[in-house]
$ cat query.cif   # mmCIF, C-alpha atoms
data_coords
loop_
_atom_site.label_atom_id
_atom_site.label_comp_id
_atom_site.auth_asym_id
_atom_site.auth_seq_id
_atom_site.Cartn_x
_atom_site.Cartn_y
_atom_site.Cartn_z
CA MET I 966 -145.61 -42.53 -1.96
CA ALA I 967 -147.35 -39.21 -2.02
CA GLN I 968 -147.66 -36.82 0.85
CA LYS I 969 -150.81 -38.47 2.20
CA ASN I 970 -148.93 -41.74 2.64
CA ARG I 971 -146.12 -40.15 4.60
CA PHE I 972 -145.38 -42.35 7.60
CA GLU I 973 -145.85 -40.88 11.05
CA ILE I 974 -143.46 -41.62 13.90
CA ARG I 975 -145.81 -44.31 15.25
CA ASP I 976 -145.72 -45.99 11.85
CA ILE I 977 -141.93 -45.69 11.72
CA THR I 978 -141.45 -47.43 15.07
CA ARG I 979 -143.95 -50.15 14.10
CA ILE I 980 -142.13 -50.76 10.83
CA ALA I 981 -138.76 -50.88 12.62
CA VAL I 982 -140.08 -53.22 15.32
CA PHE I 983 -141.71 -55.55 12.80
CA ALA I 984 -138.55 -55.65 10.68
CA ALA I 985 -136.73 -56.65 13.87
CA ILE I 986 -139.36 -59.33 14.58
CA ILE I 987 -138.80 -60.81 11.11
CA ALA I 988 -135.07 -60.85 11.88
CA VAL I 989 -135.56 -62.53 15.27
CA LEU I 990 -137.90 -65.16 13.77
CA GLY I 991 -135.03 -66.16 11.47
CA ILE I 992 -132.85 -67.22 14.37
CA PRO I 993 -132.78 -71.01 14.60
CA ALA I 994 -134.67 -72.37 17.60
CA ALA I 995 -136.36 -69.01 18.04
CA ILE I 996 -139.61 -70.70 17.16
CA PRO I 997 -139.82 -74.47 17.45
CA ALA I 998 -142.72 -75.59 15.29
CA PHE I 999 -144.80 -78.56 16.39
CA GLY I 1000 -142.32 -79.79 18.95
CA GLY I 1001 -139.44 -79.25 16.55
CA ALA I 1002 -140.83 -81.91 14.20
CA VAL I 1003 -141.33 -79.53 11.29
CA PRO I 1004 -138.29 -77.43 10.45
CA ILE I 1005 -140.21 -74.46 9.10
CA THR I 1006 -138.33 -71.24 8.67
CA ALA I 1007 -140.34 -68.84 10.75
CA GLN I 1008 -139.04 -65.93 8.72
CA THR I 1009 -141.74 -66.20 6.06
CA LEU I 1010 -144.23 -66.41 8.91
CA GLY I 1011 -142.94 -63.00 9.97
CA VAL I 1012 -143.44 -61.71 6.42
CA MET I 1013 -147.07 -62.93 6.35
CA LEU I 1014 -147.72 -61.45 9.80
CA ALA I 1015 -146.22 -58.11 8.76
CA GLY I 1016 -148.81 -57.77 6.00
CA ALA I 1017 -151.71 -59.09 8.08
CA VAL I 1018 -150.99 -56.97 11.18
CA LEU I 1019 -149.49 -53.76 9.78
CA GLY I 1020 -151.48 -53.54 6.54
CA SER I 1021 -150.18 -53.15 3.00
CA TRP I 1022 -147.88 -50.11 3.01
CA ARG I 1023 -146.41 -50.53 6.48
CA GLY I 1024 -146.17 -54.31 6.10
CA ALA I 1025 -144.30 -54.04 2.81
CA ALA I 1026 -142.08 -51.33 4.32
CA ALA I 1027 -141.19 -53.57 7.29
CA VAL I 1028 -140.16 -56.39 4.94
CA ALA I 1029 -138.22 -53.95 2.73
CA VAL I 1030 -136.36 -52.50 5.73
CA PHE I 1031 -135.45 -56.00 6.88
CA GLU I 1032 -134.14 -56.82 3.41
CA VAL I 1033 -132.14 -53.61 3.09
CA LEU I 1034 -130.35 -54.60 6.31
CA VAL I 1035 -129.73 -58.07 4.88
CA PHE I 1036 -128.47 -56.48 1.66
CA ILE I 1037 -125.96 -54.28 3.43
CA GLY I 1038 -124.58 -57.29 5.22
CA LEU I 1039 -126.32 -58.08 8.48
CA PRO I 1040 -126.60 -61.90 8.74
CA LEU I 1041 -130.32 -61.83 9.46
CA LEU I 1042 -131.73 -64.33 6.98
CA SER I 1043 -132.52 -67.70 8.52
CA GLY I 1044 -129.34 -69.70 8.74
CA GLY I 1045 -127.31 -66.56 9.43
CA ARG I 1046 -127.08 -65.58 5.78
CA GLY I 1047 -126.76 -62.00 4.66
CA GLY I 1048 -125.06 -59.63 2.28
CA ALA I 1049 -125.78 -58.60 -1.28
CA GLY I 1050 -124.93 -62.12 -2.43
CA VAL I 1051 -128.23 -63.64 -1.36
CA PHE I 1052 -130.06 -61.25 -3.68
CA ALA I 1053 -127.84 -62.31 -6.56
CA GLY I 1054 -128.36 -66.01 -5.80
CA PRO I 1055 -131.10 -68.30 -7.12
CA THR I 1056 -133.45 -67.46 -4.24
CA GLY I 1057 -133.20 -63.68 -4.68
CA GLY I 1058 -136.58 -63.54 -6.42
CA TYR I 1059 -138.34 -64.92 -3.35
CA LEU I 1060 -136.93 -62.07 -1.28
CA ILE I 1061 -138.37 -59.52 -3.70
CA GLY I 1062 -141.60 -61.52 -3.70
CA TRP I 1063 -141.82 -61.15 0.09
CA ILE I 1064 -142.10 -57.36 -0.20
CA LEU I 1065 -144.90 -57.46 -2.78
CA GLY I 1066 -146.45 -60.43 -0.96
CA ALA I 1067 -146.69 -58.52 2.33
CA PHE I 1068 -148.36 -55.66 0.45
CA VAL I 1069 -150.94 -57.98 -1.15
CA ILE I 1070 -151.62 -59.70 2.20
CA GLY I 1071 -152.22 -56.33 3.82
CA ALA I 1072 -154.53 -55.23 1.01
CA ILE I 1073 -156.64 -58.41 1.23
CA VAL I 1074 -156.67 -58.79 5.03
CA ARG I 1075 -157.19 -55.19 6.01
CA GLY I 1076 -159.11 -53.60 3.14
CA ASN I 1077 -161.24 -50.87 4.63
CA ILE I 1078 -162.27 -52.92 7.61
CA ARG I 1079 -160.81 -52.78 11.07
CA LYS I 1080 -161.48 -56.30 12.31
CA PRO I 1081 -159.70 -58.99 10.29
CA SER I 1082 -161.85 -62.04 9.54
CA TRP I 1083 -160.35 -65.53 9.45
CA TRP I 1084 -161.10 -66.13 5.79
CA ARG I 1085 -159.57 -62.81 4.75
CA ILE I 1086 -156.37 -63.62 6.65
CA ALA I 1087 -156.20 -67.15 5.24
CA LEU I 1088 -156.96 -66.00 1.68
CA GLY I 1089 -154.61 -63.02 1.97
CA SER I 1090 -151.67 -64.99 3.33
CA PHE I 1091 -152.16 -67.67 0.69
CA VAL I 1092 -152.44 -65.27 -2.26
CA GLY I 1093 -149.80 -62.81 -1.01
CA GLY I 1094 -147.52 -65.08 0.99
CA VAL I 1095 -147.55 -68.08 -1.36
CA LEU I 1096 -148.86 -67.24 -4.86
CA VAL I 1097 -147.23 -63.81 -5.21
CA VAL I 1098 -143.94 -65.02 -3.70
CA TYR I 1099 -143.86 -68.02 -6.06
CA ALA I 1100 -144.91 -65.87 -9.03
CA ILE I 1101 -141.76 -63.77 -8.61
CA GLY I 1102 -139.46 -66.36 -7.03
CA ILE I 1103 -139.87 -69.14 -9.60
CA PRO I 1104 -139.18 -67.08 -12.77
CA VAL I 1105 -136.08 -65.57 -11.11
CA LEU I 1106 -134.95 -69.05 -10.03
CA SER I 1107 -135.44 -70.21 -13.61
CA LEU I 1108 -133.58 -67.17 -14.95
CA VAL I 1109 -130.60 -67.49 -12.59
CA THR I 1110 -130.20 -71.25 -12.86
CA LYS I 1111 -131.20 -71.40 -16.56
CA LEU I 1112 -133.61 -74.12 -15.54
CA PRO I 1113 -136.79 -74.24 -17.68
CA LEU I 1114 -139.73 -72.53 -15.95
CA GLY I 1115 -141.80 -75.68 -15.47
CA GLN I 1116 -138.95 -77.55 -13.86
CA ALA I 1117 -138.11 -74.61 -11.61
CA ALA I 1118 -141.74 -74.64 -10.48
CA LEU I 1119 -141.54 -78.38 -9.91
CA SER I 1120 -138.47 -78.07 -7.66
CA ASN I 1121 -140.51 -75.60 -5.62
CA VAL I 1122 -143.25 -78.08 -4.71
CA VAL I 1123 -141.37 -79.33 -1.61
CA PHE I 1124 -141.93 -75.96 0.05
CA LEU I 1125 -145.70 -75.98 -0.48
CA PRO I 1126 -146.69 -78.04 2.62
CA GLY I 1127 -144.60 -75.81 4.90
CA ASP I 1128 -146.09 -72.71 3.32
CA ILE I 1129 -149.64 -74.00 3.79
CA ILE I 1130 -148.85 -74.60 7.48
CA LYS I 1131 -147.60 -71.02 7.71
CA VAL I 1132 -150.85 -69.73 6.21
CA ILE I 1133 -152.78 -71.57 8.93
CA VAL I 1134 -150.43 -70.42 11.69
CA THR I 1135 -150.62 -66.82 10.43
CA THR I 1136 -154.42 -66.98 10.57
CA LEU I 1137 -154.44 -68.35 14.13
CA ILE I 1138 -151.84 -65.86 15.37
CA THR I 1139 -153.48 -62.83 13.74
CA LEU I 1140 -156.89 -63.69 15.23
CA ALA I 1141 -155.34 -64.31 18.66
CA LEU I 1142 -153.43 -61.02 18.44
CA TYR I 1143 -156.60 -59.16 17.56
CA ARG I 1144 -158.36 -60.57 20.61
CA ALA I 1145 -155.42 -59.87 22.91
CA TYR I 1146 -154.17 -56.51 21.60
CA PRO I 1147 -156.56 -54.87 19.12
CA ALA I 1148 -154.53 -51.65 19.32
CA ALA I 1149 -151.94 -53.40 17.15
CA PHE I 1150 -154.28 -53.11 14.18
CA GLY I 1151 -155.20 -49.45 14.43
CA ARG I 1152 -153.31 -46.32 13.61
CA LYS I 1153 -154.26 -44.96 17.01
CA PRO I 1154 -154.20 -47.35 19.97
CA ALA I 1155 -157.47 -45.96 21.14
CA VAL I 1156 -160.94 -46.47 22.50
CA THR I 1157 -162.42 -47.22 19.08
CA ALA I 1158 -160.55 -50.50 18.81
CA LYS I 1159 -161.77 -51.67 22.20
CA ALA I 1160 -165.32 -50.52 21.43
CA SER I 1161 -165.43 -52.59 18.27
CA VAL I 1162 -164.45 -55.65 20.28
CA SER I 1163 -167.15 -55.21 22.91
CA ALA I 1164 -169.72 -54.44 20.22
CA ARG I 1165 -168.91 -57.69 18.48
CA MET D 1199 -124.50 -56.13 16.66
CA ILE D 1200 -122.79 -58.92 14.81
CA ALA D 1201 -121.92 -57.98 11.27
CA LEU D 1202 -120.03 -59.73 8.51
CA TYR D 1203 -117.50 -56.86 8.24
CA ARG D 1204 -113.77 -57.64 8.57
CA GLU D 1205 -111.27 -55.01 9.71
CA GLY D 1206 -108.78 -53.94 7.07
CA THR D 1207 -106.97 -51.08 5.34
CA SER D 1208 -106.84 -52.40 1.76
CA PRO D 1209 -107.85 -50.24 -1.22
CA LEU D 1210 -111.12 -52.17 -1.27
CA HIS D 1211 -111.78 -51.26 2.37
CA ARG D 1212 -111.07 -47.60 1.64
CA ALA D 1213 -113.15 -47.33 -1.56
CA PRO D 1214 -116.46 -45.49 -1.10
CA ALA D 1215 -119.37 -47.81 -0.32
CA GLY D 1216 -121.64 -46.48 -3.06
CA ALA D 1217 -118.97 -46.97 -5.73
CA LYS D 1218 -118.37 -50.56 -4.61
CA VAL D 1219 -122.05 -51.42 -4.81
CA LEU D 1220 -122.34 -49.77 -8.24
CA VAL D 1221 -119.30 -51.63 -9.64
CA PHE D 1222 -120.62 -54.89 -8.21
CA MET D 1223 -124.01 -54.39 -9.85
CA ILE D 1224 -122.38 -53.79 -13.25
CA VAL D 1225 -120.13 -56.85 -12.88
CA ALA D 1226 -123.04 -59.04 -11.71
CA LEU D 1227 -125.14 -57.90 -14.66
CA ALA D 1228 -122.29 -58.62 -17.08
CA ILE D 1229 -121.80 -62.11 -15.64
CA THR D 1230 -125.51 -62.86 -15.88
CA LEU D 1231 -125.87 -61.51 -19.43
CA SER D 1232 -122.83 -63.38 -20.78
CA ALA D 1233 -124.06 -66.71 -19.45
CA GLU D 1234 -123.53 -68.43 -22.81
CA ASN D 1235 -119.89 -67.37 -23.08
CA PRO D 1236 -117.51 -70.20 -22.01
CA PHE D 1237 -115.01 -67.69 -20.58
CA THR D 1238 -117.48 -66.13 -18.17
CA VAL D 1239 -117.00 -68.53 -15.28
CA PRO D 1240 -113.15 -68.63 -15.38
CA VAL D 1241 -112.97 -64.82 -15.68
CA ALA D 1242 -115.49 -64.33 -12.86
CA ALA D 1243 -113.62 -66.83 -10.67
CA ALA D 1244 -110.30 -65.07 -11.35
CA LEU D 1245 -111.96 -61.74 -10.52
CA ALA D 1246 -113.21 -63.12 -7.21
CA ILE D 1247 -109.77 -64.53 -6.28
CA ILE D 1248 -108.02 -61.25 -7.18
CA GLY D 1249 -110.65 -59.32 -5.23
CA TYR D 1250 -110.24 -61.36 -2.06
CA LEU D 1251 -106.44 -61.18 -2.27
CA ALA D 1252 -106.53 -57.42 -2.94
CA ALA D 1253 -108.75 -56.95 0.10
CA GLY D 1254 -106.15 -58.79 2.19
CA LEU D 1255 -108.72 -61.40 3.13
CA GLY D 1256 -106.93 -64.39 1.66
CA LEU D 1257 -108.29 -67.48 0.00
CA GLY D 1258 -109.35 -68.98 3.35
CA THR D 1259 -112.04 -66.32 3.64
CA LEU D 1260 -113.11 -66.98 0.06
CA LEU D 1261 -113.50 -70.68 0.86
CA ALA D 1262 -115.38 -69.83 4.05
CA GLN D 1263 -117.81 -67.71 2.00
CA ILE D 1264 -118.33 -70.59 -0.43
CA SER D 1265 -118.91 -72.90 2.52
CA VAL D 1266 -121.65 -70.59 3.83
CA VAL D 1267 -123.70 -71.19 0.68
CA ARG D 1268 -122.75 -74.85 0.23
CA TRP D 1269 -126.34 -76.07 0.56
CA VAL D 1270 -127.56 -73.58 -2.00
CA ILE D 1271 -124.88 -74.91 -4.36
CA VAL D 1272 -125.74 -78.54 -3.70
CA ILE D 1273 -129.47 -77.99 -4.21
CA MET D 1274 -128.85 -75.94 -7.34
CA LEU D 1275 -126.51 -78.51 -8.79
CA VAL D 1276 -128.77 -81.47 -8.01
CA THR D 1277 -131.95 -79.92 -9.42
CA GLN D 1278 -130.10 -78.85 -12.56
CA LEU D 1279 -128.40 -82.20 -13.12
CA ILE D 1280 -131.86 -83.75 -13.35
CA PHE D 1281 -132.82 -81.54 -16.28
CA LEU D 1282 -129.60 -80.23 -17.87
CA PRO D 1283 -126.30 -81.70 -19.20
CA PRO D 1284 -123.53 -81.77 -16.51
CA LEU D 1285 -121.38 -79.05 -18.13
CA ALA D 1286 -124.28 -76.60 -18.35
CA ALA D 1287 -125.29 -77.35 -14.76
CA ALA D 1288 -121.73 -76.78 -13.51
CA THR D 1289 -121.34 -73.56 -15.52
CA ASN D 1290 -124.62 -72.14 -14.24
CA THR D 1291 -123.74 -72.97 -10.65
CA GLY D 1292 -120.23 -71.53 -11.02
CA ARG D 1293 -121.64 -68.32 -12.42
CA VAL D 1294 -124.08 -67.86 -9.55
CA LEU D 1295 -121.41 -68.76 -7.01
CA ALA D 1296 -119.04 -66.13 -8.46
CA VAL D 1297 -121.70 -63.42 -8.14
CA ILE D 1298 -122.44 -64.49 -4.56
CA VAL D 1299 -118.80 -64.37 -3.40
CA LEU D 1300 -118.24 -61.04 -5.20
CA ALA D 1301 -121.24 -59.58 -3.39
CA ALA D 1302 -119.91 -60.94 -0.11
CA LEU D 1303 -116.68 -59.07 -0.85
CA ILE D 1304 -118.56 -55.75 -0.49
CA THR D 1305 -120.07 -56.89 2.77
CA LEU D 1306 -116.70 -58.02 4.12
CA THR D 1307 -114.92 -54.78 3.30
CA THR D 1308 -117.56 -52.15 4.10
CA ARG D 1309 -118.81 -50.99 7.49
CA ILE D 1310 -122.56 -50.98 8.12
CA PRO D 1311 -122.71 -47.20 8.84
CA ALA D 1312 -120.97 -46.50 5.52
CA LEU D 1313 -123.52 -48.65 3.70
CA LEU D 1314 -126.36 -46.94 5.58
CA ASP D 1315 -125.01 -43.55 4.50
CA ALA D 1316 -124.67 -44.78 0.92
CA THR D 1317 -128.26 -46.05 1.00
CA GLU D 1318 -129.49 -42.71 2.31
CA HIS D 1319 -127.49 -40.92 -0.38
CA ALA D 1320 -128.77 -43.21 -3.15
CA LEU D 1321 -132.35 -42.45 -2.14
CA GLY D 1322 -131.76 -38.71 -2.79
CA PRO D 1323 -133.32 -38.69 -6.29
CA LEU D 1324 -136.49 -40.31 -4.85
CA ARG D 1325 -137.10 -37.14 -2.83
CA ARG D 1326 -139.36 -35.79 -5.58
CA PHE D 1327 -141.63 -38.83 -5.14
CA GLY D 1328 -142.12 -37.99 -1.48
CA VAL D 1329 -139.43 -40.29 -0.07
CA ASP D 1330 -137.52 -38.65 2.77
CA PRO D 1331 -133.99 -40.15 2.80
CA ALA D 1332 -133.30 -38.96 6.36
CA ARG D 1333 -136.46 -40.71 7.54
CA VAL D 1334 -135.40 -43.92 5.80
CA GLY D 1335 -131.99 -43.63 7.47
CA LEU D 1336 -133.70 -43.17 10.85
CA LEU D 1337 -135.86 -46.23 10.15
CA LEU D 1338 -132.87 -48.41 9.24
CA GLY D 1339 -130.83 -47.28 12.25
CA MET D 1340 -133.80 -47.78 14.55
CA THR D 1341 -134.32 -51.33 13.28
CA ILE D 1342 -130.68 -52.24 13.95
CA THR D 1343 -130.94 -51.03 17.53
CA THR D 1344 -134.34 -52.71 17.98
CA ILE D 1345 -133.22 -56.23 16.98
CA PRO D 1346 -131.42 -56.91 20.31
CA VAL D 1347 -134.49 -55.59 22.20
CA ILE D 1348 -136.84 -58.00 20.39
CA MET D 1349 -134.33 -60.80 20.86
CA GLY D 1350 -134.40 -60.05 24.60
CA ILE D 1351 -138.21 -60.18 24.61
CA ALA D 1352 -138.11 -63.54 22.78
CA THR D 1353 -135.68 -64.98 25.34
CA ARG D 1354 -137.78 -63.71 28.23
CA ILE D 1355 -140.96 -65.31 26.85
CA ARG D 1356 -139.21 -68.63 26.23
CA ASP D 1357 -137.74 -68.70 29.74
CA ALA D 1358 -141.05 -67.79 31.36
CA GLN D 1359 -142.94 -70.43 29.38
CA ARG D 1360 -140.34 -73.08 30.03
CA ALA D 1361 -140.56 -72.35 33.76
CA ARG D 1362 -144.33 -72.78 33.66
CA GLY D 1363 -144.21 -75.83 31.39
CA VAL D 1364 -146.26 -74.23 28.60
CA PRO D 1365 -146.27 -76.45 25.50
CA VAL D 1366 -144.08 -74.86 22.85
CA ARG D 1367 -146.19 -74.03 19.81
CA PRO D 1368 -145.83 -71.21 17.27
CA ALA D 1369 -148.96 -69.44 18.51
CA THR D 1370 -148.05 -69.58 22.20
CA PHE D 1371 -144.68 -68.06 21.43
CA VAL D 1372 -145.37 -65.59 18.63
CA VAL D 1373 -148.53 -63.99 20.04
CA PRO D 1374 -146.86 -62.72 23.26
CA LEU D 1375 -143.80 -61.77 21.19
CA LEU D 1376 -145.97 -59.62 18.92
CA ILE D 1377 -147.88 -58.02 21.80
CA LEU D 1378 -144.78 -57.10 23.82
CA SER D 1379 -142.92 -55.93 20.69
CA LEU D 1380 -145.77 -53.74 19.46
CA LYS D 1381 -146.16 -52.26 22.96
CA HIS D 1382 -142.44 -51.49 22.85
CA SER D 1383 -142.97 -49.83 19.47
CA ASP D 1384 -145.75 -47.59 20.83
CA GLU D 1385 -143.63 -46.62 23.86
CA LEU D 1386 -140.74 -45.83 21.51
CA ALA D 1387 -143.04 -43.65 19.39
CA ASP D 1388 -144.28 -41.79 22.48
CA ALA D 1389 -140.71 -41.24 23.67
CA LEU D 1390 -139.68 -39.89 20.25
CA ALA D 1391 -142.79 -37.70 19.98
CA ALA D 1392 -142.04 -36.31 23.45
CA ARG D 1393 -138.61 -35.29 22.13
CA GLY D 1394 -140.16 -33.47 19.20
CA ILE D 1395 -139.51 -36.08 16.52
CA ASP D 1396 -142.60 -36.78 14.48
#
$ encode --input "query.cif" --output "structure tokens"
Amino acid sequence: MAQKNRFEIRDITRIAVFAAIIAVLGIPAAIPAFGGAVPITAQTLGVMLAGAVLGSWRGAAAVAVFEVLVFIGLPLLSGGRGGAGVFAGPTGGYLIGWILGAFVIGAIVRGNIRKPSWWRIALGSFVGGVLVVYAIGIPVLSLVTKLPLGQAALSNVVFLPGDIIKVIVTTLITLALYRAYPAAFGRKPAVTAKASVSAR
Amino acid sequence: MIALYREGTSPLHRAPAGAKVLVFMIVALAITLSAENPFTVPVAAALAIIGYLAAGLGLGTLLAQISVVRWVIVIMLVTQLIFLPPLAAATNTGRVLAVIVLAALITLTTRIPALLDATEHALGPLRRFGVDPARVGLLLGMTITTIPVIMGIATRIRDAQRARGVPVRPATFVVPLLILSLKHSDELADALAARGID
């Protein structure tokens, strides 16, 4: 990160708050999905939202901060897991994939535009939140468990429906957030954001 | 803030955090690279047992750590048994389990502030790439203190919605959570800027 990418204090607090949101979404029963019928871990929802709302650099930073805290031993992963061990385990690759995934989501959703469109959010969260995460997670899973790559990918299929639901939920939430609090998407919570809404 | 740290005065507790992480990384790499060696799992298991005893944690703690990841083990074992011979599946799982409990040993014997300091210190060489270690330390500390705040916001939203009988759906919960949290973040930024931190 060069000098021009240096985070300001407003960025720092946003990153910290979003890292905390990802942590809170990992608490069981924090977010009951569809009347509790679908046991989705809301944590990956938080990862997708970080990229979609904060943009690429800040989104990836929020996920990275969350994971550093997990690494040093705070039990913040869903299910109360934490510590360096989870990065050494078979699912460690997915955690690394989250960081890159949030970056890709931010790059696709935000681009140079201010107002996120539904198809950009959906495409971004699918490419970044699913494809990128799998692209790093599955090879690591295969490497750690010595399972052939194809079979590692196959054992991953059970997570696909839940991840598709999260892409949809991310899209709905991001659009609703933009309508309710457009300042969340701008560097400066200012008049310009409101003006772009009324001009719509 | 709940942490996984256990009080203690053993040599492992007193060793510097950075050194512990470094040694663990070397050991984990060695275990992973010598996967084909039949002695890897027994040696790694012995190392874990010695480590837990040396830290004064006892074998009960070791078993508790294994129990934390029991579902990971079961899933790993089952998926591997489909494709691999039983011995290979067991060896792979044992190897991963050893690395996990060894990593947990660091977490159990090191305080969070010590690990935060070690992280800040380790980032020193990245200074030339524009990374400010002090800023990263501030960010990490701020996140730890923010988690209870966001948790409080989440509880408040749930209580308010339950009282009004709002149907519980991800969007109806997460949207207000995001709005209130991001407002909190902007207030925090203003408060810090007012104190001359930018």
$ resolve_selection --input "query.cif" --expression "the PyMOL selection byres ((chain D and resi 1200-1216) around 10)" --output "JSON, numbers by chain"
{"I": [1037, 1038, 1039, 1040, 1041, 1046, 1047, 1048], "D": [1199, 1217, 1218, 1219, 1220, 1221, 1222, 1249, 1250, 1251, 1252, 1253, 1254, 1255, 1302, 1303, 1304, 1305, 1306, 1307, 1308, 1309, 1310, 1311, 1312, 1313, 1314, 1315, 1316, 1317, 1319, 1320]}
$ write_last_selection --input "query.cif" --atoms "C-alpha atoms" --output "short mmCIF file (atom, residue, chain, number, x, y, z; two decimals), in the frame of the given file"
data_model
loop_
_atom_site.label_atom_id
_atom_site.label_comp_id
_atom_site.auth_asym_id
_atom_site.auth_seq_id
_atom_site.Cartn_x
_atom_site.Cartn_y
_atom_site.Cartn_z
CA ILE I 1037 -125.96 -54.28 3.43
CA GLY I 1038 -124.58 -57.29 5.22
CA LEU I 1039 -126.32 -58.08 8.48
CA PRO I 1040 -126.60 -61.90 8.74
CA LEU I 1041 -130.32 -61.83 9.46
CA ARG I 1046 -127.08 -65.58 5.78
CA GLY I 1047 -126.76 -62.00 4.66
CA GLY I 1048 -125.06 -59.63 2.28
CA MET D 1199 -124.50 -56.13 16.66
CA ALA D 1217 -118.97 -46.97 -5.73
CA LYS D 1218 -118.37 -50.56 -4.61
CA VAL D 1219 -122.05 -51.42 -4.81
CA LEU D 1220 -122.34 -49.77 -8.24
CA VAL D 1221 -119.30 -51.63 -9.64
CA PHE D 1222 -120.62 -54.89 -8.21
CA GLY D 1249 -110.65 -59.32 -5.23
CA TYR D 1250 -110.24 -61.36 -2.06
CA LEU D 1251 -106.44 -61.18 -2.27
CA ALA D 1252 -106.53 -57.42 -2.94
CA ALA D 1253 -108.75 -56.95 0.10
CA GLY D 1254 -106.15 -58.79 2.19
CA LEU D 1255 -108.72 -61.40 3.13
CA ALA D 1302 -119.91 -60.94 -0.11
CA LEU D 1303 -116.68 -59.07 -0.85
CA ILE D 1304 -118.56 -55.75 -0.49
CA THR D 1305 -120.07 -56.89 2.77
CA LEU D 1306 -116.70 -58.02 4.12
CA THR D 1307 -114.92 -54.78 3.30
CA THR D 1308 -117.56 -52.15 4.10
CA ARG D 1309 -118.81 -50.99 7.49
CA ILE D 1310 -122.56 -50.98 8.12
CA PRO D 1311 -122.71 -47.20 8.84
CA ALA D 1312 -120.97 -46.50 5.52
CA LEU D 1313 -123.52 -48.65 3.70
CA LEU D 1314 -126.36 -46.94 5.58
CA ASP D 1315 -125.01 -43.55 4.50
CA ALA D 1316 -124.67 -44.78 0.92
CA THR D 1317 -128.26 -46.05 1.00
CA HIS D 1319 -127.49 -40.92 -0.38
CA ALA D 1320 -128.77 -43.21 -3.15
#
$ atom_distance --input "query.cif" --atom1 "CA of Trp1084 (chain I)" --atom2 "CA of Ile986 (chain I)"
24.4 Å
$ residues_around --input "query.cif" --residues "region 1094-1101 of chain I" --least-positions-apart "4" --cutoff "10 Å" --atoms "all atoms listed in the file" --output "number ranges by chain"
I: 1009-1010, 1012-1014, 1016, 1057-1070, 1087-1090, 1105-1106, 1118, 1121, 1124-1125, 1128-1129, 1131-1132
$ write_last_selection --input "query.cif" --atoms "C-alpha atoms" --output "CSV table (one decimal), in the frame of the given file"
chain,number,residue,atom,x,y,z
I,1009,THR,CA,-141.7,-66.2,6.1
I,1010,LEU,CA,-144.2,-66.4,8.9
I,1012,VAL,CA,-143.4,-61.7,6.4
I,1013,MET,CA,-147.1,-62.9,6.4
I,1014,LEU,CA,-147.7,-61.4,9.8
I,1016,GLY,CA,-148.8,-57.8,6.0
I,1057,GLY,CA,-133.2,-63.7,-4.7
I,1058,GLY,CA,-136.6,-63.5,-6.4
I,1059,TYR,CA,-138.3,-64.9,-3.4
I,1060,LEU,CA,-136.9,-62.1,-1.3
I,1061,ILE,CA,-138.4,-59.5,-3.7
I,1062,GLY,CA,-141.6,-61.5,-3.7
I,1063,TRP,CA,-141.8,-61.2,0.1
I,1064,ILE,CA,-142.1,-57.4,-0.2
I,1065,LEU,CA,-144.9,-57.5,-2.8
I,1066,GLY,CA,-146.4,-60.4,-1.0
I,1067,ALA,CA,-146.7,-58.5,2.3
I,1068,PHE,CA,-148.4,-55.7,0.4
I,1069,VAL,CA,-150.9,-58.0,-1.2
I,1070,ILE,CA,-151.6,-59.7,2.2
I,1087,ALA,CA,-156.2,-67.2,5.2
I,1088,LEU,CA,-157.0,-66.0,1.7
I,1089,GLY,CA,-154.6,-63.0,2.0
I,1090,SER,CA,-151.7,-65.0,3.3
I,1105,VAL,CA,-136.1,-65.6,-11.1
I,1106,LEU,CA,-135.0,-69.0,-10.0
I,1118,ALA,CA,-141.7,-74.6,-10.5
I,1121,ASN,CA,-140.5,-75.6,-5.6
I,1124,PHE,CA,-141.9,-76.0,0.0
I,1125,LEU,CA,-145.7,-76.0,-0.5
I,1128,ASP,CA,-146.1,-72.7,3.3
I,1129,ILE,CA,-149.6,-74.0,3.8
I,1131,LYS,CA,-147.6,-71.0,7.7
I,1132,VAL,CA,-150.8,-69.7,6.2
$ atom_distance --input "query.cif" --atom1 "CA of Phe1281 (chain D)" --atom2 "CA of Leu1114 (chain I)"
11.4 Å
$ atom_distance --input "query.cif" --atom1 "CA of Gly1115 (chain I)" --atom2 "CA of Gly1050 (chain I)"
25.3 Å
$ residues_around --input "query.cif" --residues "Gln1278 (chain D)" --least-positions-apart "4" --cutoff "10 Å" --atoms "only C-alpha atoms" --output "ChimeraX atom specification"
/I:1110-1113,1116-1117,1120 /D:1272-1274,1282-1284,1286-1288,1290-1291
$ resolve_selection --input "query.cif" --expression "the PyMOL selection byres ((chain I and resi 1015) around 8)" --output "JSON, numbers by chain"
{"I": [983, 1011, 1012, 1013, 1014, 1016, 1017, 1018, 1019, 1020, 1023, 1024, 1025, 1027, 1028, 1067, 1071]}
$ resolve_selection --input "query.cif" --expression "the PyMOL selection byres ((chain D and resi 1234-1242) around 10)" --output "list in words"
Val1225, Ala1226, Ala1228, Ile1229, Thr1230, Leu1231, Ser1232, Ala1233, Ala1243, Ala1244, Leu1245, Ala1246, Ile1247, Ile1248, Ala1286, Ala1288, Thr1289, Asn1290, Thr1291, Gly1292, Arg1293, Val1294, Leu1295, Ala1296, Val1297 and Leu1300 of chain D
$ closest_residue --input "query.cif" --among "I:Arg1144, I:Ile1103, I:Gly1093, I:Val1134" --to "chain D" --atoms "only C-alpha atoms"
I:Val1134
$ decode --input "query.cif" --residues "region 1263-1268 of chain D" --atoms "C-alpha atoms" --output "compact mmCIF listing (two decimals), in the first residue's frame"
# COMPACT_ATOMS: atom_id res chain seq x y z
CA GLN D 1263 -8.76 -28.84 22.68
CA ILE D 1264 -9.24 -31.99 20.62
CA SER D 1265 -12.90 -32.00 21.57
CA VAL D 1266 -13.28 -28.43 20.26
CA VAL D 1267 -12.35 -29.59 16.76
CA ARG D 1268 -14.09 -32.97 16.93
